[in-house]
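S.K.: Can you keep this structure in mind? I'll have questions shortly.
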Amino acid sequence: MHTFTRCLRALSCLGLLAAPCLAHAQAQTWQWATAPTAILDQSTGLGGSSISAIAHDAAGNTVVAGQFYGTFTLGTTTLTSAGYSDVFVAKISPSGEWLQAVRAGGTGEDVISALKLDAAGNAVVAGNFGHLITGGTATFGATTLTAAGTTGSSDAFVATLSPGGQWLQALRAGGTGTDYISALALDAAGNAVVLGSFSGSGTLGTATLSAPAGTVQLFVAKLNLSTGTWTPLNQGTSLYSAQAGSLALDAAGNAVISGTYGISLTLGSTTLMSTTRGGGPFVARLSASGQWTQAVQPVQSPSNSAPPSAINSLAVDAAGTVTVLGTLIEGTTFGNTTLTSVGSYDIFVAKLDAAGQWTQAVRAGGLANDIANSLVLDAAGNAIVTGLFGTYGGFSPSPDATFGPITLTTAGAYDAFVAKLSPSGQWLQAMRAGGTGSDGAGAVLVDAAGNITVAGGCTGTADFGATSLTSASIYSRAFVAQLGPVTNATASRTATPAEIFTLSPNPTTDAVRLTWPETSVSVRPVQVLDALGREVRRQELPARTNTITLNVAGLTPGLYMVRCGAAASRLQVE
């Protein structure tokens, strides 16, 4: 892997370079921003924290998961790491107040890479533990996991934390090499589907994983959280290495994954061959029964020196279209579109349809380093993307990054960006934030009302509108901030009441009537989402109509979210 990319990832894991300090732009405003206070470890002089993943619970709280070193305080709770870095899960109220914080880990390096909330509100997290001279165990409440490998290796874990902050379960996977889980999703039955990488030999429940000496391979597996039973779904085989990236489940329960590989990668009957010496990124689909059904890669311009492009995040819509966010250098071709960076690293967003054809590719960036981090789709299908731009140390031929008609200018070494790309591939907005230090945007969520919640870390002073977060430490500290929904400054203020609808009867058993106070000149999509945010019904409110009957017959009794246009409301199905 290219040295610069390794440095960025290492800084991000240690919390030295994490998610942003974003400033408001256009008609959006920061509603709140919060960060824990940190105390350096006196024996080492080190400290810091970062957030890897975020989720919203049914009450509108933001649940965050990440890692920290030393001692830090979140609201009224103070946590101290037992070793190099420990993991934490915390909860923040809709108004930005820390409500809860719980740690886990051991004397080694413990990292959380993924977080999902199940139907009961439990936080299911995944990552790895160990990987240092002294690190072989990690404790989650009453459960202590022990790495199976030798000193310097790590094992993967999946753990569950109750809404009240009690660790309910912790399970390990792995063996003699370095093993980790990079992504996690929950299927319709509540099982955890995970994507990870491993080296050497090890176990996944009663199954054995084995990688040829000197190689790293990827795996996809299912974990029954009720019984703690692992079921391997499939592996990928590379001549050199296959690094796990992102994972999402489509409407049929197929796993869509991304990653990078070197030289070649075999997934079922498909073998991908790299067009560069450094390898390349890929997207693949795995059926719920564990069969590889698709494997696709962009075509990179051959180069003896340039590192490969990388896919950093992905999302899947109801039609099975995959939107990917990544970082490119030199030329990379997606179907009929070739993107070329204008400087060092640029970012790209591309679409892959259900048939495996690239249908769109758009770039952004400037002459300096532009790094992509996270992607999420809003209710209108816009891609909200995050990352950072600039050059470490502040040395750059230009401090600018361009997103279509919008140009951002960094104020320090790295600044954060949050940008929005329309379904047709037009950059609608881009915002920067940060100060003279290193700042970068990471995990991101968009709720039904259009609020954007961003989490990560920043150094020095970070401004969120009227709120400034300041730290005297040179190390990054985690933060969470919420940006209000986009409003059209030229629109009439009287349009707001039309963004409210009623559902009747509520609760219901098989049908519910959705009514708007006034008609619209255009069709409005209507979605019914389950507790995990998955679409379970879709209809349309026709143009010049203000009412529609939704069919919810056959849905499992429980609480659902109904989205229509920019508005949302809860629905109880009995």
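Every chain in the structure tokens takes a letter, A first, then B, and so on in the order presented; its residues are numbered from 1, and the ligands are numbered from 1 following the presented order.
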Report as a PDB file with C-alpha atoms, in the first residue's frame all protein, DNA and RNA residues lying within 6 Å of segment 182-184 of chain A, evaluated on only C-alpha atoms, omitting residues in the same chain fewer than 5 positions from it.
M.R.:
```
ATOM      1  CA  SER A 113     -14.925  -0.385  12.704  1.00  0.00           C
ATOM      2  CA  ALA A 114     -18.703  -0.934  12.450  1.00  0.00           C
ATOM      3  CA  VAL A 193     -23.457 -10.244   8.260  1.00  0.00           C
ATOM      4  CA  VAL A 194     -19.788  -9.261   8.436  1.00  0.00           C
ATOM      5  CA  LEU A 195     -16.971  -8.580   5.987  1.00  0.00           C
ATOM      6  CA  GLY A 196     -13.375  -9.008   7.076  1.00  0.00           C
ATOM      7  CA  GLY A 245     -13.746  -2.568   2.727  1.00  0.00           C
ATOM      8  CA  SER A 246     -17.469  -1.757   2.925  1.00  0.00           C
ATOM      9  CA  LEU A 247     -20.612  -3.892   3.034  1.00  0.00           C
TER      10      LEU A 247
END
```
S.K.: Which residues come within 8 Å of segment 157-162 of chain A, counting only C-alpha atoms, excluding same-chain residues fewer than 2 positions away, as number ranges by chain?
M.R.: A: 121-129, 140, 155, 164-173, 180-181
S.K.: Give me a file of those residues, with N, CA and C atoms, as a PDB file, in the first residue's frame.
M.R.:
```
ATOM      1  N   GLY A 121     -32.919  -2.070  19.764  1.00  0.00           N
ATOM      2  CA  GLY A 121     -32.097  -0.923  20.136  1.00  0.00           C
ATOM      3  C   GLY A 121     -30.730  -1.286  20.660  1.00  0.00           C
ATOM      4  N   ASN A 122     -30.378  -2.574  20.648  1.00  0.00           N
ATOM      5  CA  ASN A 122     -29.038  -2.981  21.060  1.00  0.00           C
ATOM      6  C   ASN A 122     -28.015  -2.513  20.025  1.00  0.00           C
ATOM      7  N   ALA A 123     -26.854  -2.093  20.485  1.00  0.00           N
ATOM      8  CA  ALA A 123     -25.763  -1.700  19.595  1.00  0.00           C
ATOM      9  C   ALA A 123     -24.896  -2.920  19.303  1.00  0.00           C
ATOM     10  N   VAL A 124     -24.830  -3.310  18.033  1.00  0.00           N
ATOM     11  CA  VAL A 124     -23.971  -4.419  17.607  1.00  0.00           C
ATOM     12  C   VAL A 124     -22.735  -3.806  16.963  1.00  0.00           C
ATOM     13  N   VAL A 125     -21.563  -4.057  17.551  1.00  0.00           N
ATOM     14  CA  VAL A 125     -20.317  -3.461  17.071  1.00  0.00           C
ATOM     15  C   VAL A 125     -19.344  -4.556  16.664  1.00  0.00           C
ATOM     16  N   ALA A 126     -18.435  -4.214  15.768  1.00  0.00           N
ATOM     17  CA  ALA A 126     -17.434  -5.173  15.298  1.00  0.00           C
ATOM     18  C   ALA A 126     -16.118  -4.462  15.076  1.00  0.00           C
ATOM     19  N   GLY A 127     -15.020  -5.218  15.159  1.00  0.00           N
ATOM     20  CA  GLY A 127     -13.695  -4.650  14.952  1.00  0.00           C
ATOM     21  C   GLY A 127     -12.621  -5.676  15.199  1.00  0.00           C
ATOM     22  N   ASN A 128     -11.550  -5.268  15.880  1.00  0.00           N
ATOM     23  CA  ASN A 128     -10.459  -6.196  16.185  1.00  0.00           C
ATOM     24  C   ASN A 128      -9.784  -5.788  17.489  1.00  0.00           C
ATOM     25  N   PHE A 129      -9.090  -6.738  18.100  1.00  0.00           N
ATOM     26  CA  PHE A 129      -8.393  -6.476  19.357  1.00  0.00           C
ATOM     27  C   PHE A 129      -7.043  -7.169  19.332  1.00  0.00           C
ATOM     28  N   PHE A 140     -15.186  -7.298  27.635  1.00  0.00           N
ATOM     29  CA  PHE A 140     -16.465  -6.658  27.367  1.00  0.00           C
ATOM     30  C   PHE A 140     -17.397  -7.034  28.513  1.00  0.00           C
ATOM     31  N   ASP A 155      -7.202 -10.471  16.554  1.00  0.00           N
ATOM     32  CA  ASP A 155      -8.393 -11.242  16.211  1.00  0.00           C
ATOM     33  C   ASP A 155      -9.562 -10.298  16.025  1.00  0.00           C
ATOM     34  N   GLY A 164     -29.338   0.098  27.701  1.00  0.00           N
ATOM     35  CA  GLY A 164     -29.000   0.604  29.024  1.00  0.00           C
ATOM     36  C   GLY A 164     -27.521   0.651  29.316  1.00  0.00           C
ATOM     37  N   GLY A 165     -26.675   0.156  28.381  1.00  0.00           N
ATOM     38  CA  GLY A 165     -25.226   0.238  28.547  1.00  0.00           C
ATOM     39  C   GLY A 165     -24.573  -0.979  29.156  1.00  0.00           C
ATOM     40  N   GLN A 166     -25.195  -2.168  29.042  1.00  0.00           N
ATOM     41  CA  GLN A 166     -24.597  -3.406  29.538  1.00  0.00           C
ATOM     42  C   GLN A 166     -24.148  -4.261  28.355  1.00  0.00           C
ATOM     43  N   TRP A 167     -22.908  -4.772  28.454  1.00  0.00           N
ATOM     44  CA  TRP A 167     -22.424  -5.681  27.413  1.00  0.00           C
ATOM     45  C   TRP A 167     -23.147  -7.013  27.573  1.00  0.00           C
ATOM     46  N   LEU A 168     -23.861  -7.421  26.533  1.00  0.00           N
ATOM     47  CA  LEU A 168     -24.648  -8.652  26.570  1.00  0.00           C
ATOM     48  C   LEU A 168     -23.891  -9.852  26.014  1.00  0.00           C
ATOM     49  N   GLN A 169     -22.962  -9.600  25.105  1.00  0.00           N
ATOM     50  CA  GLN A 169     -22.301 -10.694  24.395  1.00  0.00           C
ATOM     51  C   GLN A 169     -21.038 -10.181  23.724  1.00  0.00           C
ATOM     52  N   ALA A 170     -20.037 -11.029  23.622  1.00  0.00           N
ATOM     53  CA  ALA A 170     -18.826 -10.719  22.860  1.00  0.00           C
ATOM     54  C   ALA A 170     -18.273 -12.026  22.310  1.00  0.00           C
ATOM     55  N   LEU A 171     -18.015 -12.064  21.016  1.00  0.00           N
ATOM     56  CA  LEU A 171     -17.523 -13.266  20.351  1.00  0.00           C
ATOM     57  C   LEU A 171     -16.305 -12.913  19.510  1.00  0.00           C
ATOM     58  N   ARG A 172     -15.345 -13.817  19.450  1.00  0.00           N
ATOM     59  CA  ARG A 172     -14.137 -13.584  18.673  1.00  0.00           C
ATOM     60  C   ARG A 172     -14.116 -14.498  17.456  1.00  0.00           C
ATOM     61  N   ALA A 173     -13.251 -14.163  16.519  1.00  0.00           N
ATOM     62  CA  ALA A 173     -12.993 -14.991  15.342  1.00  0.00           C
ATOM     63  C   ALA A 173     -11.571 -14.716  14.900  1.00  0.00           C
ATOM     64  N   TYR A 180      -9.426  -9.134  11.087  1.00  0.00           N
ATOM     65  CA  TYR A 180     -10.250  -7.995  11.476  1.00  0.00           C
ATOM     66  C   TYR A 180     -11.563  -8.015  10.707  1.00  0.00           C
ATOM     67  N   ILE A 181     -12.563  -7.342  11.259  1.00  0.00           N
ATOM     68  CA  ILE A 181     -13.840  -7.111  10.583  1.00  0.00           C
ATOM     69  C   ILE A 181     -13.907  -5.634  10.233  1.00  0.00           C
TER      70      ILE A 181
END
```
S.K.: If we count only C-alpha atoms, what is near Gly290 of chain A at a cut-off of 12 Å, once residues fewer than 6 positions away on the same chain are taken out, given as a PyMOL selection string?
M.R.: chain A and resi 193+219-222+231-236+253-256+267-268
S.K.: Of the candidates A:Ser153, A:Thr293, A:Ser50, A:Ser93, which shows the shortest atom-to-atom distance to Trp32 of chain A, using only C-alpha atoms?
M.R.: A:Ser93
S.K.: Could you give me, as a PyMOL selection string, each residue of segment 33-92 of chain A that DSSP assigns to strand (DSSP E) when run on this structure's backbone?
M.R.: chain A and resi 33-34+37-39+48-56+62-69+71-74+77-80+86-92
S.K.: Name all residues at most 12 Å from Asp187 of chain A (count only C-alpha atoms; drop same-chain ones fewer than 5 positions away) and give them as a PyMOL selection string.
M.R.: chain A and resi 116-119+192-194+221-225+247-255+288+530-534
S.K.: I want to know what sits within 9 Å of Thr73 of chain A, based on only C-alpha atoms, with residues of the same chain fewer than 2 positions away left out; could you give that as a count of residues only?
M.R.: 12
S.K.: Considering only C-alpha atoms, return as a VMD selection string whatever protein or nucleic-acid residues lie within 7 Å of Val102 of chain A, sequence-local ones (same chain, fewer than 6 positions apart) excluded.
M.R.: chain A and resid 88 to 90 165
S.K.: Residues of the last selection are to be written out with N, CA, C and O atoms, as a CSV table (one decimal), in the first residue's frame.
M.R.:
```
chain,number,residue,atom,x,y,z
A,88,PHE,N,-15.1,2.4,22.7
A,88,PHE,CA,-16.2,2.9,23.5
A,88,PHE,C,-17.5,3.0,22.6
A,88,PHE,O,-17.4,3.1,21.4
A,89,VAL,N,-18.6,2.9,23.3
A,89,VAL,CA,-19.9,3.2,22.6
A,89,VAL,C,-20.6,4.2,23.5
A,89,VAL,O,-20.6,4.1,24.7
A,90,ALA,N,-21.1,5.3,22.9
A,90,ALA,CA,-21.7,6.4,23.6
A,90,ALA,C,-23.0,6.8,23.0
A,90,ALA,O,-23.3,6.5,21.8
A,165,GLY,N,-26.7,0.2,28.4
A,165,GLY,CA,-25.2,0.2,28.5
A,165,GLY,C,-24.6,-1.0,29.2
A,165,GLY,O,-23.5,-0.9,29.7
```
S.K.: Between atom CA of Ala441 of chain A and atom CA of Ser197 of chain A, measure the distance and give it in Å to one decimal.
M.R.: 25.0 Å
S.K.: Mind giving me the straight-line distance from atom CA of Ala553 of chain A to atom CA of Val526 of chain A in Å, one decimal?
M.R.: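 Pair atom CA of Ala553 of chain A / atom CA of Val526 of chain A returns 15.9 Å.
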S.K.: Any idea what's packed within 9 Å of segment 201-218 of chain A, counting only C-alpha atoms, ignoring anything in its chain fewer than 5 positions away? Could you give it as a ChimeraX atom specification?
M.R.: /A:148-149,172-179,195-196,228-232,234-244,259,261
S.K.: Take the selection from the previous step and output its residues with N, CA, C and O atoms, as a CSV table (one decimal), in the first residue's frame.
M.R.:
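What follows is the written file part.csv:
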```
chain,number,residue,atom,x,y,z
A,148,ALA,N,-6.1,-15.7,19.6
A,148,ALA,CA,-5.5,-17.0,19.4
A,148,ALA,C,-4.2,-17.0,18.8
A,148,ALA,O,-3.4,-17.9,18.8
A,149,GLY,N,-3.8,-15.8,18.2
A,149,GLY,CA,-2.5,-15.7,17.5
A,149,GLY,C,-1.4,-15.4,18.4
A,149,GLY,O,-1.5,-15.2,19.6
A,172,ARG,N,-15.3,-13.8,19.5
A,172,ARG,CA,-14.1,-13.6,18.7
A,172,ARG,C,-14.1,-14.5,17.5
A,172,ARG,O,-14.8,-15.5,17.4
A,173,ALA,N,-13.3,-14.2,16.5
A,173,ALA,CA,-13.0,-15.0,15.3
A,173,ALA,C,-11.6,-14.7,14.9
A,173,ALA,O,-11.1,-13.6,15.0
A,174,GLY,N,-10.9,-15.7,14.4
A,174,GLY,CA,-9.5,-15.5,13.9
A,174,GLY,C,-8.6,-16.6,14.3
A,174,GLY,O,-9.0,-17.7,14.9
A,175,GLY,N,-7.3,-16.4,14.1
A,175,GLY,CA,-6.4,-17.4,14.4
A,175,GLY,C,-5.0,-16.9,14.5
A,175,GLY,O,-4.7,-15.9,15.2
A,176,THR,N,-4.0,-17.5,13.8
A,176,THR,CA,-2.6,-17.2,14.1
A,176,THR,C,-2.1,-15.9,13.4
A,176,THR,O,-1.1,-15.4,13.8
A,177,GLY,N,-2.9,-15.4,12.5
A,177,GLY,CA,-2.4,-14.2,11.8
A,177,GLY,C,-3.2,-12.9,12.3
A,177,GLY,O,-3.7,-12.9,13.4
A,178,THR,N,-3.2,-11.9,11.4
A,178,THR,CA,-3.9,-10.7,11.7
A,178,THR,C,-5.3,-10.8,11.1
A,178,THR,O,-5.5,-10.9,9.9
A,179,ASP,N,-6.4,-10.7,11.9
A,179,ASP,CA,-7.7,-10.8,11.5
A,179,ASP,C,-8.5,-9.6,11.9
A,179,ASP,O,-8.4,-9.1,13.1
A,195,LEU,N,-18.0,-8.5,7.0
A,195,LEU,CA,-17.0,-8.6,6.0
A,195,LEU,C,-15.7,-8.3,6.7
A,195,LEU,O,-15.5,-7.4,7.5
A,196,GLY,N,-14.7,-9.2,6.4
A,196,GLY,CA,-13.4,-9.0,7.1
A,196,GLY,C,-12.2,-9.6,6.3
A,196,GLY,O,-12.4,-10.1,5.2
A,228,GLY,N,-25.1,-17.2,19.0
A,228,GLY,CA,-23.6,-17.0,18.9
A,228,GLY,C,-23.0,-17.9,17.9
A,228,GLY,O,-21.8,-18.2,18.0
A,229,THR,N,-23.7,-18.4,16.9
A,229,THR,CA,-23.2,-19.4,16.0
A,229,THR,C,-22.8,-18.7,14.7
A,229,THR,O,-23.5,-17.9,14.1
A,230,TRP,N,-21.5,-18.9,14.3
A,230,TRP,CA,-21.0,-18.4,13.1
A,230,TRP,C,-21.3,-19.3,11.9
A,230,TRP,O,-21.2,-20.6,12.0
A,231,THR,N,-21.6,-18.7,10.7
A,231,THR,CA,-21.8,-19.5,9.5
A,231,THR,C,-21.0,-18.8,8.4
A,231,THR,O,-21.3,-17.7,8.0
A,232,PRO,N,-19.8,-19.4,7.9
A,232,PRO,CA,-19.1,-18.8,6.8
A,232,PRO,C,-19.9,-18.8,5.6
A,232,PRO,O,-20.6,-19.8,5.3
A,234,ASN,N,-18.7,-17.2,2.4
A,234,ASN,CA,-17.7,-17.4,1.3
A,234,ASN,C,-16.4,-16.6,1.5
A,234,ASN,O,-16.4,-15.8,2.4
A,235,GLN,N,-15.4,-16.9,0.7
A,235,GLN,CA,-14.2,-16.2,0.8
A,235,GLN,C,-13.8,-15.7,-0.6
A,235,GLN,O,-14.4,-16.1,-1.6
A,236,GLY,N,-12.8,-14.8,-0.6
A,236,GLY,CA,-12.2,-14.4,-1.9
A,236,GLY,C,-10.7,-14.8,-1.8
A,236,GLY,O,-10.1,-14.9,-0.7
A,237,THR,N,-10.2,-15.2,-3.0
A,237,THR,CA,-8.8,-15.7,-3.0
A,237,THR,C,-7.9,-14.8,-3.9
A,237,THR,O,-8.3,-14.6,-5.0
A,238,SER,N,-6.9,-14.3,-3.3
A,238,SER,CA,-6.0,-13.4,-4.0
A,238,SER,C,-4.6,-14.0,-4.0
A,238,SER,O,-4.2,-14.6,-3.0
A,239,LEU,N,-3.8,-13.7,-5.1
A,239,LEU,CA,-2.4,-14.2,-5.1
A,239,LEU,C,-1.6,-13.4,-4.1
A,239,LEU,O,-0.5,-14.0,-3.7
A,240,TYR,N,-2.0,-12.2,-3.8
A,240,TYR,CA,-1.2,-11.4,-2.9
A,240,TYR,C,-1.9,-11.0,-1.6
A,240,TYR,O,-1.7,-11.5,-0.6
A,241,SER,N,-2.9,-10.1,-1.8
A,241,SER,CA,-3.7,-9.7,-0.7
A,241,SER,C,-5.1,-9.2,-1.1
A,241,SER,O,-5.3,-8.8,-2.3
A,242,ALA,N,-6.1,-9.4,-0.3
A,242,ALA,CA,-7.4,-8.9,-0.5
A,242,ALA,C,-7.9,-8.2,0.8
A,242,ALA,O,-8.1,-8.9,1.8
A,243,GLN,N,-8.0,-6.9,0.7
A,243,GLN,CA,-8.4,-6.1,1.9
A,243,GLN,C,-9.8,-5.8,1.9
A,243,GLN,O,-10.4,-5.3,0.9
A,244,ALA,N,-10.5,-6.2,3.0
A,244,ALA,CA,-12.0,-5.9,3.1
A,244,ALA,C,-12.2,-4.4,3.2
A,244,ALA,O,-11.5,-3.7,3.8
A,259,GLY,N,-13.7,-3.6,-1.7
A,259,GLY,CA,-12.4,-3.8,-1.1
A,259,GLY,C,-11.3,-3.5,-2.2
A,259,GLY,O,-11.6,-3.0,-3.2
A,261,TYR,N,-7.5,-5.3,-3.9
A,261,TYR,CA,-6.7,-6.6,-4.0
A,261,TYR,C,-5.4,-6.3,-4.8
A,261,TYR,O,-5.3,-5.3,-5.5
```
S.K.: Output as CSV one row per residue of segment 302-346 of chain A within 12 Å of segment 371-391 of chain A: the closest atom pair and its distance in Å to one decimal place, counting only C-alpha atoms, sorted by chain and residue number ascending.
M.R.:
```
residue,atom,partner,partner_atom,distance
A:Ser309,CA,A:Ile371,CA,10.8
A:Ala310,CA,A:Ala372,CA,9.1
A:Ile311,CA,A:Ala372,CA,8.5
A:Asn312,CA,A:Asn373,CA,5.8
A:Ser313,CA,A:Ser374,CA,5.4
A:Leu314,CA,A:Leu375,CA,6.3
A:Ala315,CA,A:Val376,CA,6.4
A:Val316,CA,A:Leu377,CA,8.4
A:Asp317,CA,A:Gly381,CA,8.0
A:Ala318,CA,A:Gly381,CA,10.1
A:Ala319,CA,A:Gly381,CA,11.3
A:Thr321,CA,A:Gly381,CA,10.8
A:Val322,CA,A:Leu377,CA,10.5
A:Thr323,CA,A:Ala383,CA,8.0
A:Val324,CA,A:Leu375,CA,7.6
A:Leu325,CA,A:Leu375,CA,6.3
A:Gly326,CA,A:Ala372,CA,5.4
A:Thr327,CA,A:Ala372,CA,5.6
A:Leu328,CA,A:Ile371,CA,8.6
A:Ile329,CA,A:Ile371,CA,10.5
A:Ser341,CA,A:Ile371,CA,11.6
A:Gly343,CA,A:Gly390,CA,11.1
A:Ser344,CA,A:Thr391,CA,9.7
A:Tyr345,CA,A:Ile371,CA,6.6
A:Asp346,CA,A:Ile371,CA,6.5
```
